[in-house]
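K.L.:
Sharing a structure, written as structure tokens. Questions coming.
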2 protein chains.
Amino acid sequence: MNDSRIWTAALIVIGDEILSGRTHDKNIAQIAKWLGVQGIRLKEVRVIADDVDAIVEGVNALRARNDYLFTTGGIGPTHDDITVDAVAKALGVAVIVHPEARRILEDYYADKGGVNEGRLRMARVPEGADLIPNRYSGAPGIRMDNVFLMAGVPHITAGMLDALTGQLQGGAQLISDTVGAWVPESEIAGLLMEVERAHDGSQIGSYPFFREGRVGANFVVRSTNADTVKSCIDSLCEGLGEMGYDFTPGGI
Amino acid sequence: MNDSRIWTAALIVIGDEILSGRTHDKNIAQIAKWLGVQGIRLKEVRVIADDVDAIVEGVNALRARNDYLFTTGGIGPTHDDITVDAVAKALGVAVIVHPEARRILEDYYADKGGVNEGRLRMARVPEGADLIPNRYSGAPGIRMDNVFLMAGVPHITAGMLDALTGQLQGGAQLISDTVGAWVPESEIAGLLMEVERAHDGSQIGSYPFFREGRVGANFVVRSTNADTVKSCIDSLCEGLGEMGYDFTPGGI
């Protein structure tokens with residue numbers, strides 16, 4: 001593996017319920033963190049409606065420019081679950097009933113009334129796809145080329161991610177560390193810029209907050225090189241100390 | 001106002017901290033709900049990195065095909081705050097220091113050490129832009145044509161949205177109502193599809209959940225016509241009752 005190669009992923013969150021504000025998305029953060037551990041960087045997320053054309057456009061734009069593309073949502077049994085059809089259309093393949101998925105569903109629903117028309121929808125996959133095990137509710141996720149179709153319900157997606165752990169090639173993990181201080185970020189913007197410029201391959205993010213009636217910020221250093229991260233954090237702590245601010249390694 | 005015209009918006013969430021999974025986004029849901037009340041539909045969200053080229057691409061793609069485009073994040077005082085520069089580049093205009101923004105910052109920081117180089121960054125706007133008041137922390141939001149630059153910190157964005165309430169033209173509000181039932185959605189997929197097909201202009205979304213060890217789902221009906229929503233909900237309740245399921249108007 002070449003550590004200097006950066007592996008990237010994109011995510012499409014499919015769901016009117018997110019765009020209406022009814023449901024708070026939980027999949028972005030969990031997939032982002034999981035990808036980080038695999039050595040893969042999440043580059044872009046799109047949240048789009050339950051609309052075939054919108055999904056086709058997003059899938060084709062993002063799968064071409066990333067190593068991996070994940071989708072969440074729209075693979076259930078109801079009429080508004082159109083992700084499989086849209087992804088198949090984007091990839092230019094037919095939709096088929098996957099024999100193994102059908103068997104999984106027949107087993108899962110054996111004591112729950114059996115497989116009906118709606119449930120059989122969850123065995124449909126783009127032709128040529130593989131299955132991703134779902135240890136919670138039968139209906140599998142789907143892998144087709146570099147596209148991974150996951151559930152919308154977060155704990156089911158978590159189980160599917162577990163099943164994929166270690167299966168995807170990635171590169172060097174992005175290492176991060178944090179220092180927090182009770183300081184308005186606007187007072188130390190110069191320090192942040194100087195430290196970042198002095199350390200090749202580092203990125204420093206500044207995340208202000210208001211708590212207990214006071215202003216503060218966490219400064220997050222990221223790099224693929226652990227020594228670079230440590231040196232940046234040391235420089236930030238030294239600078240904050242010289243300017244007379246209290247700071248907290250690890251973040252506030 | 002022509003009620004049949006649908007007004008749309010898109011949102012770009014700018015921030016490495018969301019893509020790393022470190023921070024859970026809270027702006028998507030609050031902006032989505034606020035837009036809904038204005039009679040504007042959120043059509044698409046993109047979460048992109050602190051990267052000028054990525055922001056330029058997103059801004060130009062989304063502002064052209066929506067009535068409004070909102071961005072959150074990247075308008076603070078530090079080196080990683082690049083949204084103003086990226087939006088100006090996308091719109092092909094220069095970045096200037098807005099005199100009123102400068103005065104606001106001078107007032108706000110008068111007893112906090114005054115305006116320094118970092119703080120003055122927050123007076124920079126694309127040439128020709130107007131300001132959006134920020135009642136919490138001085139630095140204003142920015143409106144440039146149909147593009148609205150909001151803060152990343154959710155409660156500051158909430159204040160900016162308050163300031164914009166009633167200022168943006170919208171159309172008919174999308175009305176929604178919910179019925180919940182302790183039923184696997186896969187058992188009533190047919191009912192959902194029938195009811196939606198029988199009601200022009202309706203959309204029915206099915207949102208399964210697992211609680212207290214039991215499977216259930218909420219069924220959300222949306223339409224711009226209140227009578228359509230009511231009739232759909234009535235049909236769903238009748239169908240669920242006939243099939244022997246308990247249901248809860250308003251959702252579970």
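Identifiers for the structure tokens are assigned positionally: chains receive A, B, ... in sequence, residues are indexed from 1 per chain, and ligands are indexed from 1 in the order shown.
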Go through chain B and flag each residue having an atom no more than 6 Å from chain A; for those, report the closest pair of atoms plus their distance in Å to one decimal, using only C-alpha atoms, ordered by chain and rising number, as CSV.

P.N.:
residue,atom,partner,partner_atom,distance
B:Leu19,CA,A:Leu42,CA,5.8
B:Ser20,CA,A:Ala32,CA,5.5
B:Gly21,CA,A:Ala29,CA,4.1
B:Ala29,CA,A:Gly21,CA,4.1
B:Ala32,CA,A:Gly21,CA,4.9
B:Lys33,CA,A:Gly21,CA,5.1
B:Leu42,CA,A:Leu19,CA,5.8
B:Glu44,CA,A:Ile48,CA,5.0
B:Val45,CA,A:Val47,CA,4.8
B:Arg46,CA,A:Arg46,CA,4.3
B:Val47,CA,A:Val45,CA,4.8
B:Ile48,CA,A:Glu44,CA,5.0
B:Pro77,CA,A:Ser186,CA,5.3
B:Thr78,CA,A:Ala189,CA,4.8
B:His79,CA,A:Met193,CA,5.9
B:Gly118,CA,A:Ser186,CA,5.4
B:Arg119,CA,A:Ser186,CA,5.5
B:Ser186,CA,A:Pro77,CA,5.2
B:Ala189,CA,A:Thr78,CA,4.8
B:Met193,CA,A:His79,CA,5.9

K.L.:
Would you list, as an MDAnalysis selection string, the residues of region 86-252 of chain A that end up in strand (DSSP E or B) under DSSP run on this structure's backbone?

P.N.:
chainID A and resid 95:97 124:126 130:132 141:144 147:150 175:181 203:211 214:223 247:249

K.L.:
Record the distance separating CA of Gly73 (chain B) and CA of Val59 (chain A), expressed in Å with one decimal.

P.N.:
25.5 Å

K.L.:
For Ala139 (chain A), which residue out of A:His199, A:Lys230, A:Arg102, A:Arg211 is the nearest one, using only C-alpha atoms?

P.N.:
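Closest candidate: A:Arg102.
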
K.L.:
Pick out each residue of region 15-143 of chain A that DSSP on the backbone tags as helix (DSSP H, G or I); I need them as a short mmCIF file (atom, residue, chain, number, x, y, z; two decimals) with N, CA, C and O atoms, in the first residue's frame.

P.N.:
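As a result, part34.cif now contains:
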data_model
loop_
_atom_site.label_atom_id
_atom_site.label_comp_id
_atom_site.auth_asym_id
_atom_site.auth_seq_id
_atom_site.Cartn_x
_atom_site.Cartn_y
_atom_site.Cartn_z
N ASP A 16 -36.50 12.57 1.74
CA ASP A 16 -37.32 13.76 1.95
C ASP A 16 -37.41 14.14 3.42
O ASP A 16 -37.57 15.31 3.75
N GLU A 17 -37.31 13.14 4.31
CA GLU A 17 -37.52 13.44 5.73
C GLU A 17 -36.37 14.27 6.30
O GLU A 17 -36.56 15.00 7.28
N ILE A 18 -35.19 14.17 5.69
CA ILE A 18 -34.07 15.02 6.14
C ILE A 18 -34.26 16.43 5.57
O ILE A 18 -34.07 17.43 6.26
N LEU A 19 -34.67 16.51 4.31
CA LEU A 19 -34.83 17.81 3.66
C LEU A 19 -36.02 18.60 4.22
O LEU A 19 -36.07 19.82 4.08
N ASN A 27 -26.49 9.56 10.01
CA ASN A 27 -25.59 8.71 9.23
C ASN A 27 -24.32 9.43 8.78
O ASN A 27 -23.28 8.80 8.62
N ILE A 28 -24.40 10.75 8.55
CA ILE A 28 -23.20 11.46 8.07
C ILE A 28 -22.06 11.27 9.06
O ILE A 28 -20.97 10.83 8.69
N ALA A 29 -22.31 11.57 10.33
CA ALA A 29 -21.23 11.50 11.32
C ALA A 29 -20.74 10.07 11.50
O ALA A 29 -19.53 9.83 11.58
N GLN A 30 -21.65 9.09 11.55
CA GLN A 30 -21.17 7.73 11.81
C GLN A 30 -20.40 7.17 10.61
O GLN A 30 -19.40 6.47 10.80
N ILE A 31 -20.84 7.49 9.41
CA ILE A 31 -20.09 7.00 8.24
C ILE A 31 -18.76 7.75 8.12
O ILE A 31 -17.72 7.15 7.80
N ALA A 32 -18.76 9.04 8.40
CA ALA A 32 -17.51 9.83 8.36
C ALA A 32 -16.47 9.24 9.31
O ALA A 32 -15.31 9.04 8.93
N LYS A 33 -16.89 8.94 10.53
CA LYS A 33 -15.93 8.40 11.51
C LYS A 33 -15.44 7.02 11.08
O LYS A 33 -14.26 6.70 11.20
N TRP A 34 -16.35 6.19 10.62
CA TRP A 34 -15.98 4.84 10.20
C TRP A 34 -14.99 4.90 9.04
O TRP A 34 -13.98 4.19 9.02
N LEU A 35 -15.26 5.77 8.06
CA LEU A 35 -14.34 5.91 6.93
C LEU A 35 -12.96 6.35 7.42
O LEU A 35 -11.94 5.85 6.94
N GLY A 36 -12.94 7.27 8.37
CA GLY A 36 -11.65 7.75 8.89
C GLY A 36 -10.80 6.60 9.41
O GLY A 36 -9.60 6.53 9.16
N VAL A 37 -11.43 5.68 10.13
CA VAL A 37 -10.71 4.54 10.69
C VAL A 37 -10.21 3.61 9.57
O VAL A 37 -9.18 2.95 9.71
N VAL A 52 -35.79 9.93 -8.56
CA VAL A 52 -34.86 9.09 -9.34
C VAL A 52 -33.84 9.94 -10.10
O VAL A 52 -32.63 9.66 -10.05
N ASP A 53 -34.29 10.98 -10.78
CA ASP A 53 -33.35 11.78 -11.58
C ASP A 53 -32.27 12.43 -10.71
O ASP A 53 -31.10 12.49 -11.09
N ALA A 54 -32.69 12.93 -9.55
CA ALA A 54 -31.72 13.57 -8.65
C ALA A 54 -30.70 12.54 -8.15
O ALA A 54 -29.51 12.85 -8.04
N ILE A 55 -31.17 11.34 -7.85
CA ILE A 55 -30.24 10.30 -7.37
C ILE A 55 -29.28 9.89 -8.48
O ILE A 55 -28.07 9.76 -8.25
N VAL A 56 -29.80 9.71 -9.69
CA VAL A 56 -28.94 9.32 -10.83
C VAL A 56 -27.84 10.37 -11.02
O VAL A 56 -26.65 10.04 -11.16
N GLU A 57 -28.22 11.64 -11.00
CA GLU A 57 -27.23 12.71 -11.19
C GLU A 57 -26.16 12.67 -10.11
O GLU A 57 -24.96 12.75 -10.38
N GLY A 58 -26.60 12.53 -8.86
CA GLY A 58 -25.65 12.51 -7.75
C GLY A 58 -24.73 11.31 -7.81
O GLY A 58 -23.51 11.42 -7.60
N VAL A 59 -25.30 10.14 -8.08
CA VAL A 59 -24.50 8.91 -8.13
C VAL A 59 -23.42 9.03 -9.20
O VAL A 59 -22.24 8.74 -8.97
N ASN A 60 -23.81 9.47 -10.38
CA ASN A 60 -22.82 9.52 -11.45
C ASN A 60 -21.76 10.60 -11.23
O ASN A 60 -20.59 10.40 -11.55
N ALA A 61 -22.16 11.73 -10.63
CA ALA A 61 -21.16 12.78 -10.36
C ALA A 61 -20.15 12.31 -9.32
O ALA A 61 -18.95 12.52 -9.47
N LEU A 62 -20.62 11.66 -8.28
CA LEU A 62 -19.75 11.39 -7.14
C LEU A 62 -18.99 10.09 -7.24
O LEU A 62 -17.88 9.98 -6.72
N ARG A 63 -19.55 9.07 -7.91
CA ARG A 63 -18.81 7.80 -7.97
C ARG A 63 -17.60 7.94 -8.90
O ARG A 63 -16.60 7.27 -8.73
N ALA A 64 -17.70 8.84 -9.88
CA ALA A 64 -16.60 9.00 -10.83
C ALA A 64 -15.39 9.66 -10.18
O ALA A 64 -14.26 9.38 -10.55
N THR A 83 -34.10 3.73 -4.27
CA THR A 83 -32.65 3.84 -4.44
C THR A 83 -32.10 2.78 -5.39
O THR A 83 -31.25 3.08 -6.25
N VAL A 84 -32.57 1.53 -5.25
CA VAL A 84 -32.04 0.45 -6.10
C VAL A 84 -32.31 0.76 -7.57
O VAL A 84 -31.42 0.64 -8.42
N ASP A 85 -33.53 1.18 -7.87
CA ASP A 85 -33.87 1.50 -9.26
C ASP A 85 -33.01 2.65 -9.79
O ASP A 85 -32.53 2.62 -10.92
N ALA A 86 -32.82 3.66 -8.94
CA ALA A 86 -32.06 4.83 -9.38
C ALA A 86 -30.59 4.50 -9.60
O ALA A 86 -29.98 4.93 -10.58
N VAL A 87 -30.01 3.71 -8.70
CA VAL A 87 -28.59 3.35 -8.85
C VAL A 87 -28.40 2.46 -10.08
O VAL A 87 -27.44 2.62 -10.84
N ALA A 88 -29.33 1.51 -10.28
CA ALA A 88 -29.24 0.66 -11.48
C ALA A 88 -29.30 1.52 -12.74
O ALA A 88 -28.53 1.32 -13.70
N LYS A 89 -30.19 2.50 -12.73
CA LYS A 89 -30.30 3.40 -13.89
C LYS A 89 -29.00 4.18 -14.09
O LYS A 89 -28.51 4.31 -15.22
N ALA A 90 -28.43 4.67 -13.00
CA ALA A 90 -27.17 5.42 -13.09
C ALA A 90 -26.07 4.55 -13.68
O ALA A 90 -25.23 5.02 -14.45
N LEU A 91 -26.05 3.26 -13.30
CA LEU A 91 -24.98 2.36 -13.74
C LEU A 91 -25.30 1.69 -15.07
O LEU A 91 -24.48 0.96 -15.62
N PRO A 99 -30.94 -14.02 -5.73
CA PRO A 99 -31.42 -15.27 -5.10
C PRO A 99 -31.04 -15.38 -3.63
O PRO A 99 -31.85 -15.81 -2.81
N GLU A 100 -29.81 -14.97 -3.28
CA GLU A 100 -29.37 -15.09 -1.89
C GLU A 100 -30.16 -14.11 -1.01
O GLU A 100 -30.55 -14.43 0.12
N ALA A 101 -30.42 -12.90 -1.53
CA ALA A 101 -31.20 -11.93 -0.76
C ALA A 101 -32.61 -12.46 -0.53
O ALA A 101 -33.18 -12.33 0.57
N ARG A 102 -33.18 -13.10 -1.55
CA ARG A 102 -34.52 -13.67 -1.40
C ARG A 102 -34.52 -14.75 -0.32
O ARG A 102 -35.42 -14.79 0.52
N ARG A 103 -33.48 -15.58 -0.31
CA ARG A 103 -33.42 -16.64 0.72
C ARG A 103 -33.28 -16.04 2.11
O ARG A 103 -33.91 -16.49 3.07
N ILE A 104 -32.45 -15.00 2.21
CA ILE A 104 -32.29 -14.33 3.52
C ILE A 104 -33.64 -13.81 4.01
O ILE A 104 -34.01 -13.97 5.18
N LEU A 105 -34.39 -13.18 3.10
CA LEU A 105 -35.68 -12.61 3.49
C LEU A 105 -36.69 -13.70 3.84
O LEU A 105 -37.47 -13.57 4.79
N GLU A 106 -36.67 -14.81 3.08
CA GLU A 106 -37.58 -15.92 3.39
C GLU A 106 -37.30 -16.48 4.78
O GLU A 106 -38.21 -16.76 5.55
N ASP A 107 -36.00 -16.60 5.12
CA ASP A 107 -35.65 -17.07 6.46
C ASP A 107 -36.11 -16.06 7.52
O ASP A 107 -36.73 -16.42 8.52
N TYR A 108 -35.79 -14.79 7.27
CA TYR A 108 -36.06 -13.76 8.27
C TYR A 108 -37.56 -13.63 8.55
O TYR A 108 -37.98 -13.43 9.70
N GLU A 117 -45.22 -9.02 -1.39
CA GLU A 117 -44.70 -8.21 -2.50
C GLU A 117 -43.77 -7.09 -2.01
O GLU A 117 -42.70 -6.86 -2.57
N GLY A 118 -44.19 -6.42 -0.94
CA GLY A 118 -43.37 -5.33 -0.40
C GLY A 118 -42.02 -5.84 0.07
O GLY A 118 -40.97 -5.28 -0.24
N ARG A 119 -42.06 -6.93 0.83
CA ARG A 119 -40.80 -7.47 1.36
C ARG A 119 -39.87 -7.97 0.26
O ARG A 119 -38.65 -7.85 0.37
N LEU A 120 -40.45 -8.51 -0.80
CA LEU A 120 -39.63 -9.01 -1.90
C LEU A 120 -38.88 -7.85 -2.59
O LEU A 120 -37.81 -8.06 -3.18
N ARG A 121 -39.43 -6.64 -2.49
CA ARG A 121 -38.71 -5.48 -3.04
C ARG A 121 -37.30 -5.38 -2.45
O ARG A 121 -36.39 -4.89 -3.11
N MET A 122 -37.14 -5.84 -1.22
CA MET A 122 -35.84 -5.71 -0.56
C MET A 122 -34.82 -6.75 -1.03
O MET A 122 -33.69 -6.76 -0.57
N ALA A 123 -35.24 -7.64 -1.93
CA ALA A 123 -34.28 -8.58 -2.56
C ALA A 123 -33.83 -8.08 -3.92
O ALA A 123 -33.01 -8.71 -4.58
#

K.L.:
Please indicate the distance in Å from CA of Ile175 (chain B) to CA of Thr248 (chain B), rounded to one decimal place.

P.N.:
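Those two atoms sit 18.6 Å apart.
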